[in-house]
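S.K.: Here it is, the structure, as structure tokens.
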Amino acid sequence: MKLGFVFPGQGAQFVGMGKDLYDEYEEIRSVYKEASEILGIDIAKLSFESTEEELMETKNTQICILVMSLAIAKLLETKNIKADISAGLSLGEYSALAYSDMISFKDAVKIVRARGTLMQELVPEGNWAMAAVIGLEDEKVDELCKSIKSGFVVPANYNCPGQVAVSGEKAGIDEVIKVGKDFGAKRVIELKTSGPFHTCKLEEASRRLRDELEKIDIRVTDKKVFKNIDAKEYVDGDDIRDILSKHVMSPVRFGRSIENMIDEGVDTFVEIGPGKVLSGFIKKVSKDVGGYNIQDLDSLNKFLTEIY
């Protein structure tokens, strides 16, 4: 069995995520404590006791998901469960980079807090939204977006065969929801996000993020991480800061990343963090690989029982 870890992105959050794991394991609590001390904010309180509206703020969502994901990964490591290959969806790429020691935990916490804040504060004025288009090939989604007349809309996340998230102005997204079935979509579902993520509208956030990335250490290690921007593995010689800064305004190629991980021999995927959306994407990519998600005590115990 060859494990591959995948880490979720923004939209997977919910108030109380990870609390039962936090209550049960000192290893989990220690990660939350360390992150809270680095940033000077109580990540546990923000994750477990905030309102849904507060947690949905991008600056809060991203750091809470990162900390939960890395806390679970640390717990697995204490049980000698490790993966040499990982990837993440959007924000989740930072979890993968930190898990693989390409970015230290301290730097990961700092840069993700900065990233979330920039993505929240530097969104251009306007009413923005995202939606998942279900049941269309990537090329048809591209056509659908180009047909929209009522507002800016572009593909943002190529999640898996038959599912692409589109991002843009709310009026444009509303039109996608209205006419999607005319293009052959089975459904179009508006997502729980608050900005035109992975589009050119975040150019200023991208530029400012590049400045923040200059303040942290980043290096390629012997653990493989597949990047969103082109679905390829990070290698020596990559300008990682440039890649990560462009990441916020470029489409995510998650489905292709999973295909490439399978080509590397991964036969069992473990989704680490809130939700199990990525597990669904992976099943759409290949029915021949195993999959688990770990987000609470029940899912953790199921995984440990079946792995051991």
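Every chain in the structure tokens takes a letter, A first, then B, and so on in the order presented; its residues are numbered from 1, and the ligands are numbered from 1 following the presented order.
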Give me, as a tab-separated table, each residue of range 64-115 of chain A that comes within 12 Å of range 34-39 of chain A, together with its shortest interatomic pair and the distance in Å at one decimal, counting only C-alpha atoms, with rows ordered by chain and rising residue number.
M.R.:
residue	atom	partner	partner_atom	distance
A:Cys64	CA	A:Ala35	CA	9.7
A:Ile65	CA	A:Ala35	CA	11.9
A:Leu66	CA	A:Ala35	CA	9.9
A:Val67	CA	A:Ala35	CA	7.2
A:Met68	CA	A:Ala35	CA	10.3
A:Leu70	CA	A:Ala35	CA	10.4
A:Ala71	CA	A:Ala35	CA	10.1
A:Ser104	CA	A:Ala35	CA	11.8
A:Phe105	CA	A:Ala35	CA	8.3
A:Lys106	CA	A:Ile38	CA	6.9
A:Asp107	CA	A:Ile38	CA	9.4
A:Ala108	CA	A:Ala35	CA	9.6
A:Val109	CA	A:Ala35	CA	6.5
A:Lys110	CA	A:Leu39	CA	7.1
A:Ile111	CA	A:Leu39	CA	10.6
A:Val112	CA	A:Leu39	CA	10.8
A:Arg113	CA	A:Leu39	CA	8.3
A:Ala114	CA	A:Leu39	CA	10.4
S.K.: I need the chosen residues saved as a PDB file, in the first residue's frame, with N, CA and C atoms.
M.R.:
ATOM      1  N   CYS A  64      -7.593  28.298  10.184  1.00  0.00           N
ATOM      2  CA  CYS A  64      -8.227  27.231  10.972  1.00  0.00           C
ATOM      3  C   CYS A  64      -8.145  25.885  10.253  1.00  0.00           C
ATOM      4  N   ILE A  65      -8.346  25.880   8.950  1.00  0.00           N
ATOM      5  CA  ILE A  65      -8.240  24.631   8.193  1.00  0.00           C
ATOM      6  C   ILE A  65      -6.804  24.122   8.190  1.00  0.00           C
ATOM      7  N   LEU A  66      -5.857  25.018   7.981  1.00  0.00           N
ATOM      8  CA  LEU A  66      -4.441  24.627   7.992  1.00  0.00           C
ATOM      9  C   LEU A  66      -4.061  23.972   9.313  1.00  0.00           C
ATOM     10  N   VAL A  67      -4.415  24.605  10.420  1.00  0.00           N
ATOM     11  CA  VAL A  67      -4.011  24.094  11.732  1.00  0.00           C
ATOM     12  C   VAL A  67      -4.668  22.749  12.009  1.00  0.00           C
ATOM     13  N   MET A  68      -5.947  22.614  11.686  1.00  0.00           N
ATOM     14  CA  MET A  68      -6.611  21.335  11.896  1.00  0.00           C
ATOM     15  C   MET A  68      -5.936  20.236  11.073  1.00  0.00           C
ATOM     16  N   LEU A  70      -2.850  20.053   9.811  1.00  0.00           N
ATOM     17  CA  LEU A  70      -1.501  19.713  10.254  1.00  0.00           C
ATOM     18  C   LEU A  70      -1.504  19.040  11.618  1.00  0.00           C
ATOM     19  N   ALA A  71      -2.489  19.363  12.462  1.00  0.00           N
ATOM     20  CA  ALA A  71      -2.597  18.690  13.758  1.00  0.00           C
ATOM     21  C   ALA A  71      -2.909  17.207  13.573  1.00  0.00           C
ATOM     22  N   SER A 104       8.386  25.481   7.079  1.00  0.00           N
ATOM     23  CA  SER A 104       8.274  25.137   8.498  1.00  0.00           C
ATOM     24  C   SER A 104       6.861  25.417   8.998  1.00  0.00           C
ATOM     25  N   PHE A 105       6.492  24.773  10.100  1.00  0.00           N
ATOM     26  CA  PHE A 105       5.166  25.011  10.672  1.00  0.00           C
ATOM     27  C   PHE A 105       4.983  26.486  11.006  1.00  0.00           C
ATOM     28  N   LYS A 106       5.993  27.085  11.610  1.00  0.00           N
ATOM     29  CA  LYS A 106       5.901  28.497  11.993  1.00  0.00           C
ATOM     30  C   LYS A 106       5.674  29.380  10.775  1.00  0.00           C
ATOM     31  N   ASP A 107       6.440  29.148   9.733  1.00  0.00           N
ATOM     32  CA  ASP A 107       6.287  29.955   8.525  1.00  0.00           C
ATOM     33  C   ASP A 107       4.955  29.677   7.827  1.00  0.00           C
ATOM     34  N   ALA A 108       4.512  28.421   7.858  1.00  0.00           N
ATOM     35  CA  ALA A 108       3.231  28.078   7.232  1.00  0.00           C
ATOM     36  C   ALA A 108       2.086  28.823   7.909  1.00  0.00           C
ATOM     37  N   VAL A 109       2.109  28.846   9.223  1.00  0.00           N
ATOM     38  CA  VAL A 109       1.071  29.554   9.969  1.00  0.00           C
ATOM     39  C   VAL A 109       1.093  31.045   9.630  1.00  0.00           C
ATOM     40  N   LYS A 110       2.268  31.617   9.589  1.00  0.00           N
ATOM     41  CA  LYS A 110       2.384  33.049   9.291  1.00  0.00           C
ATOM     42  C   LYS A 110       1.932  33.372   7.872  1.00  0.00           C
ATOM     43  N   ILE A 111       2.383  32.582   6.903  1.00  0.00           N
ATOM     44  CA  ILE A 111       2.077  32.920   5.518  1.00  0.00           C
ATOM     45  C   ILE A 111       0.609  32.657   5.193  1.00  0.00           C
ATOM     46  N   VAL A 112       0.011  31.637   5.803  1.00  0.00           N
ATOM     47  CA  VAL A 112      -1.401  31.372   5.534  1.00  0.00           C
ATOM     48  C   VAL A 112      -2.286  32.445   6.171  1.00  0.00           C
ATOM     49  N   ARG A 113      -1.919  32.913   7.349  1.00  0.00           N
ATOM     50  CA  ARG A 113      -2.664  34.022   7.934  1.00  0.00           C
ATOM     51  C   ARG A 113      -2.546  35.260   7.046  1.00  0.00           C
ATOM     52  N   ALA A 114      -1.341  35.520   6.534  1.00  0.00           N
ATOM     53  CA  ALA A 114      -1.141  36.667   5.640  1.00  0.00           C
ATOM     54  C   ALA A 114      -1.910  36.468   4.332  1.00  0.00           C
TER      55      ALA A 114
END
S.K.: Using DSSP on the backbone coordinates, identify all residues within range 115-208 of chain A classified as alpha helix (DSSP H); present the result as an MDAnalysis selection string.
M.R.: chainID A and resid 115:121 138:147 170:179 203:208
S.K.: Compile the contact shell of Lys140 in chain A as an MDAnalysis selection string: residues with an atom at most 12 Å away, counting only C-alpha atoms, same-chain residues fewer than 2 positions apart removed.
M.R.: chainID A and resid 133:138 142:147 155 161:164 180:185
S.K.: Next, dump the selected residues to file, keeping only N, CA and C atoms, as a short mmCIF file (atom, residue, chain, number, x, y, z; two decimals), in the first residue's frame.
M.R.:
data_model
loop_
_atom_site.label_atom_id
_atom_site.label_comp_id
_atom_site.auth_asym_id
_atom_site.auth_seq_id
_atom_site.Cartn_x
_atom_site.Cartn_y
_atom_site.Cartn_z
N VAL A 133 -19.93 23.49 -11.11
CA VAL A 133 -20.68 23.01 -12.27
C VAL A 133 -20.49 21.50 -12.34
N ILE A 134 -21.59 20.76 -12.24
CA ILE A 134 -21.55 19.30 -12.14
C ILE A 134 -22.01 18.68 -13.46
N GLY A 135 -21.22 17.71 -13.94
CA GLY A 135 -21.66 16.91 -15.08
C GLY A 135 -21.25 17.42 -16.44
N LEU A 136 -20.30 18.34 -16.50
CA LEU A 136 -19.82 18.85 -17.78
C LEU A 136 -18.32 18.59 -17.93
N GLU A 137 -17.89 18.33 -19.15
CA GLU A 137 -16.47 18.24 -19.43
C GLU A 137 -15.83 19.61 -19.28
N ASP A 138 -14.53 19.62 -18.99
CA ASP A 138 -13.83 20.87 -18.76
C ASP A 138 -14.03 21.86 -19.91
N ASP A 142 -15.61 25.71 -19.98
CA ASP A 142 -14.94 26.87 -20.58
C ASP A 142 -15.90 27.60 -21.52
N GLU A 143 -16.62 26.86 -22.35
CA GLU A 143 -17.59 27.46 -23.27
C GLU A 143 -18.70 28.17 -22.50
N LEU A 144 -19.19 27.52 -21.45
CA LEU A 144 -20.25 28.11 -20.64
C LEU A 144 -19.82 29.45 -20.07
N CYS A 145 -18.63 29.50 -19.51
CA CYS A 145 -18.14 30.76 -18.93
C CYS A 145 -18.02 31.86 -19.99
N LYS A 146 -17.53 31.49 -21.17
CA LYS A 146 -17.36 32.48 -22.23
C LYS A 146 -18.70 33.01 -22.74
N SER A 147 -19.77 32.24 -22.53
CA SER A 147 -21.10 32.65 -23.00
C SER A 147 -21.80 33.63 -22.07
N PRO A 155 -13.41 29.63 -15.19
CA PRO A 155 -13.12 28.40 -14.42
C PRO A 155 -12.04 28.68 -13.39
N PRO A 161 -13.09 14.84 -13.08
CA PRO A 161 -13.94 14.71 -14.26
C PRO A 161 -15.40 14.98 -13.91
N GLY A 162 -15.99 15.94 -14.60
CA GLY A 162 -17.39 16.25 -14.36
C GLY A 162 -17.65 17.26 -13.28
N GLN A 163 -16.62 17.88 -12.73
CA GLN A 163 -16.86 18.95 -11.75
C GLN A 163 -15.79 20.03 -11.85
N VAL A 164 -16.25 21.24 -12.16
CA VAL A 164 -15.39 22.41 -12.25
C VAL A 164 -16.03 23.53 -11.44
N GLY A 180 -26.84 26.80 -16.88
CA GLY A 180 -25.94 25.65 -16.88
C GLY A 180 -26.54 24.40 -17.49
N LYS A 181 -27.80 24.11 -17.19
CA LYS A 181 -28.43 22.90 -17.72
C LYS A 181 -28.59 22.96 -19.23
N ASP A 182 -28.71 24.18 -19.77
CA ASP A 182 -28.80 24.32 -21.23
C ASP A 182 -27.53 23.85 -21.92
N PHE A 183 -26.41 23.91 -21.19
CA PHE A 183 -25.13 23.45 -21.73
C PHE A 183 -24.88 21.98 -21.43
N GLY A 184 -25.80 21.37 -20.68
CA GLY A 184 -25.67 19.95 -20.37
C GLY A 184 -25.27 19.63 -18.95
N ALA A 185 -25.12 20.67 -18.10
CA ALA A 185 -24.76 20.41 -16.70
C ALA A 185 -25.90 19.72 -15.98
#
S.K.: Can you pull out the residues contacting Glu57 in chain A? Cut-off 9 Å, using only C-alpha atoms, and skip same-chain residues under 2 positions away; I want them as an mmCIF file with C-alpha atoms, in the first residue's frame.
M.R.:
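Output (around.cif):
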data_model
loop_
_atom_site.group_PDB
_atom_site.id
_atom_site.type_symbol
_atom_site.label_atom_id
_atom_site.label_comp_id
_atom_site.auth_asym_id
_atom_site.auth_seq_id
_atom_site.Cartn_x
_atom_site.Cartn_y
_atom_site.Cartn_z
ATOM 1 C CA GLU A 52 -20.403 30.699 11.017
ATOM 2 C CA GLU A 53 -20.047 34.202 9.589
ATOM 3 C CA GLU A 54 -16.821 34.823 11.521
ATOM 4 C CA LEU A 55 -15.314 31.496 10.515
ATOM 5 C CA LYS A 59 -8.477 35.323 7.018
ATOM 6 C CA ASN A 60 -10.028 33.004 9.630
ATOM 7 C CA THR A 61 -11.066 30.100 7.420
ATOM 8 C CA GLN A 62 -7.654 29.479 5.961
ATOM 9 C CA GLY A 116 -6.052 34.790 3.963
ATOM 10 C CA THR A 117 -5.935 38.411 5.073
ATOM 11 C CA GLN A 120 -9.987 39.030 2.008
ATOM 12 C CA THR A 193 -16.838 31.339 -0.477
ATOM 13 C CA SER A 194 -16.431 35.094 -0.394
#
S.K.: Just the residues within 9 Å of Ala132 in chain A, please, counting only C-alpha atoms, with nothing from its chain fewer than 5 positions along; format it as a list in words.
M.R.: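 What passes the distance filter is Asn157, Gln163, Val164, Ala165, Val166, Ser167, Arg187, Val188, Ile189, Glu190 and Leu191 of chain A.
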S.K.: Mind dumping the selected residues with C-alpha atoms as a PDB file, in the first residue's frame?
M.R.:
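Saved result, selection.pdb, follows:
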ATOM      1  CA  ASN A 157     -10.914  24.788  -9.916  1.00  0.00           C
ATOM      2  CA  GLN A 163     -16.855  18.950 -11.750  1.00  0.00           C
ATOM      3  CA  VAL A 164     -15.386  22.413 -12.247  1.00  0.00           C
ATOM      4  CA  ALA A 165     -15.734  25.344  -9.844  1.00  0.00           C
ATOM      5  CA  VAL A 166     -16.241  28.692 -11.534  1.00  0.00           C
ATOM      6  CA  SER A 167     -15.546  32.059  -9.971  1.00  0.00           C
ATOM      7  CA  ARG A 187     -26.438  20.770 -11.521  1.00  0.00           C
ATOM      8  CA  VAL A 188     -24.819  24.075 -10.640  1.00  0.00           C
ATOM      9  CA  ILE A 189     -24.332  24.699  -6.917  1.00  0.00           C
ATOM     10  CA  GLU A 190     -23.270  27.995  -5.355  1.00  0.00           C
ATOM     11  CA  LEU A 191     -20.352  27.539  -2.933  1.00  0.00           C
TER      12      LEU A 191
END
S.K.: Write out as a PyMOL selection string each polymer residue whose atoms come within 9 Å of range 283-295 of chain A, counting only C-alpha atoms; drop sequence neighbours fewer than 3 positions from it.
M.R.: chain A and resi 17-18+21+68-69+72+160-162+255-256+258-259+262+266-276+278-280+298-303
S.K.: Generate a file of the selected residues that holds N, CA and C atoms, formatted as a tab-separated table (two decimals), in the first residue's frame.
M.R.:
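Result written to part-v5.tsv:
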chain	number	residue	atom	x	y	z
A	17	MET	N	-15.24	22.19	13.86
A	17	MET	CA	-14.44	21.18	13.15
A	17	MET	C	-13.19	20.83	13.97
A	18	GLY	N	-13.01	19.54	14.16
A	18	GLY	CA	-11.83	19.05	14.87
A	18	GLY	C	-11.92	19.05	16.39
A	21	LEU	N	-11.36	15.67	18.29
A	21	LEU	CA	-9.96	15.27	18.22
A	21	LEU	C	-9.12	16.11	19.18
A	68	MET	N	-5.95	22.61	11.69
A	68	MET	CA	-6.61	21.33	11.90
A	68	MET	C	-5.94	20.24	11.07
A	69	SER	N	-5.66	20.52	9.80
A	69	SER	CA	-5.05	19.52	8.92
A	69	SER	C	-3.68	19.09	9.43
A	72	ILE	N	-3.82	16.90	12.66
A	72	ILE	CA	-4.15	15.51	12.39
A	72	ILE	C	-2.95	14.78	11.78
A	160	CYS	N	-12.25	17.48	-10.75
A	160	CYS	CA	-12.27	16.08	-11.15
A	160	CYS	C	-13.11	15.98	-12.41
A	161	PRO	N	-13.09	14.84	-13.08
A	161	PRO	CA	-13.94	14.71	-14.26
A	161	PRO	C	-15.40	14.98	-13.91
A	162	GLY	N	-15.99	15.94	-14.60
A	162	GLY	CA	-17.39	16.25	-14.36
A	162	GLY	C	-17.65	17.26	-13.28
A	255	GLY	N	-7.74	17.59	-10.13
A	255	GLY	CA	-8.00	16.28	-10.70
A	255	GLY	C	-6.78	15.70	-11.40
A	256	ARG	N	-6.08	16.56	-12.14
A	256	ARG	CA	-4.88	16.10	-12.84
A	256	ARG	C	-3.77	15.76	-11.84
A	258	ILE	N	-4.22	14.40	-8.93
A	258	ILE	CA	-4.54	13.05	-8.44
A	258	ILE	C	-4.13	12.01	-9.47
A	259	GLU	N	-4.39	12.28	-10.73
A	259	GLU	CA	-3.96	11.35	-11.78
A	259	GLU	C	-2.45	11.14	-11.72
A	262	ILE	N	-1.43	8.98	-8.77
A	262	ILE	CA	-1.70	7.57	-9.06
A	262	ILE	C	-0.60	7.00	-9.97
A	266	VAL	N	0.56	5.82	-5.98
A	266	VAL	CA	-0.36	5.95	-4.85
A	266	VAL	C	-1.60	5.10	-5.12
A	267	ASP	N	-1.92	4.22	-4.17
A	267	ASP	CA	-3.12	3.39	-4.32
A	267	ASP	C	-4.13	3.63	-3.21
A	268	THR	N	-3.75	4.44	-2.20
A	268	THR	CA	-4.65	4.75	-1.09
A	268	THR	C	-4.48	6.22	-0.72
A	269	PHE	N	-5.57	6.97	-0.82
A	269	PHE	CA	-5.55	8.40	-0.50
A	269	PHE	C	-6.19	8.64	0.86
A	270	VAL	N	-5.60	9.58	1.60
A	270	VAL	CA	-6.14	9.96	2.91
A	270	VAL	C	-6.37	11.47	2.89
A	271	GLU	N	-7.63	11.86	2.98
A	271	GLU	CA	-8.00	13.28	3.05
A	271	GLU	C	-7.93	13.71	4.50
A	272	ILE	N	-7.12	14.72	4.79
A	272	ILE	CA	-6.84	15.11	6.17
A	272	ILE	C	-7.30	16.54	6.42
A	273	GLY	N	-8.37	16.67	7.21
A	273	GLY	CA	-8.93	17.98	7.49
A	273	GLY	C	-10.44	17.93	7.38
A	274	PRO	N	-11.10	19.09	7.49
A	274	PRO	CA	-12.56	19.10	7.51
A	274	PRO	C	-13.19	18.65	6.20
A	275	GLY	N	-14.31	17.93	6.31
A	275	GLY	CA	-15.05	17.51	5.14
A	275	GLY	C	-14.49	16.27	4.47
A	276	LYS	N	-15.19	15.86	3.42
A	276	LYS	CA	-14.72	14.72	2.62
A	276	LYS	C	-14.98	14.95	1.13
A	278	LEU	N	-12.80	16.09	-1.09
A	278	LEU	CA	-11.70	15.62	-1.92
A	278	LEU	C	-11.81	14.12	-2.17
A	279	SER	N	-12.29	13.39	-1.18
A	279	SER	CA	-12.47	11.95	-1.36
A	279	SER	C	-13.45	11.66	-2.49
A	280	GLY	N	-14.48	12.50	-2.59
A	280	GLY	CA	-15.43	12.36	-3.69
A	280	GLY	C	-14.79	12.65	-5.03
A	298	ASP	N	-14.47	9.43	14.87
A	298	ASP	CA	-15.02	8.26	14.17
A	298	ASP	C	-14.23	7.93	12.92
A	299	SER	N	-13.95	8.95	12.11
A	299	SER	CA	-13.22	8.69	10.86
A	299	SER	C	-11.77	8.30	11.14
A	300	LEU	N	-11.17	8.89	12.18
A	300	LEU	CA	-9.82	8.50	12.57
A	300	LEU	C	-9.77	7.04	13.00
A	301	ASN	N	-10.70	6.65	13.87
A	301	ASN	CA	-10.70	5.27	14.37
A	301	ASN	C	-10.97	4.26	13.25
A	302	LYS	N	-11.83	4.62	12.32
A	302	LYS	CA	-12.09	3.75	11.17
A	302	LYS	C	-10.81	3.55	10.37
A	303	PHE	N	-10.12	4.65	10.11
A	303	PHE	CA	-8.87	4.58	9.36
A	303	PHE	C	-7.84	3.73	10.08
S.K.: Using backbone DSSP assignments, extract all strand (DSSP E) residues from range 176-222 of chain A; output them as an mmCIF file with C-alpha atoms, in the first residue's frame.
M.R.:
data_model
loop_
_atom_site.group_PDB
_atom_site.id
_atom_site.type_symbol
_atom_site.label_atom_id
_atom_site.label_comp_id
_atom_site.auth_asym_id
_atom_site.auth_seq_id
_atom_site.Cartn_x
_atom_site.Cartn_y
_atom_site.Cartn_z
ATOM 1 C CA ARG A 187 -26.438 20.770 -11.521
ATOM 2 C CA VAL A 188 -24.819 24.075 -10.640
ATOM 3 C CA ILE A 189 -24.332 24.699 -6.917
ATOM 4 C CA GLU A 190 -23.270 27.995 -5.355
#
S.K.: Report as a PyMOL selection string all protein, DNA and RNA residues lying within 9 Å of Glu203 in chain A, evaluated on only C-alpha atoms, omitting residues in the same chain fewer than 6 positions from it.
M.R.: chain A and resi 122+246+248-249
S.K.: Expressed in Å to a single decimal, how great is the separation between CA of Asp101 in chain A and CA of Arg219 in chain A?
M.R.: 8.0 Å
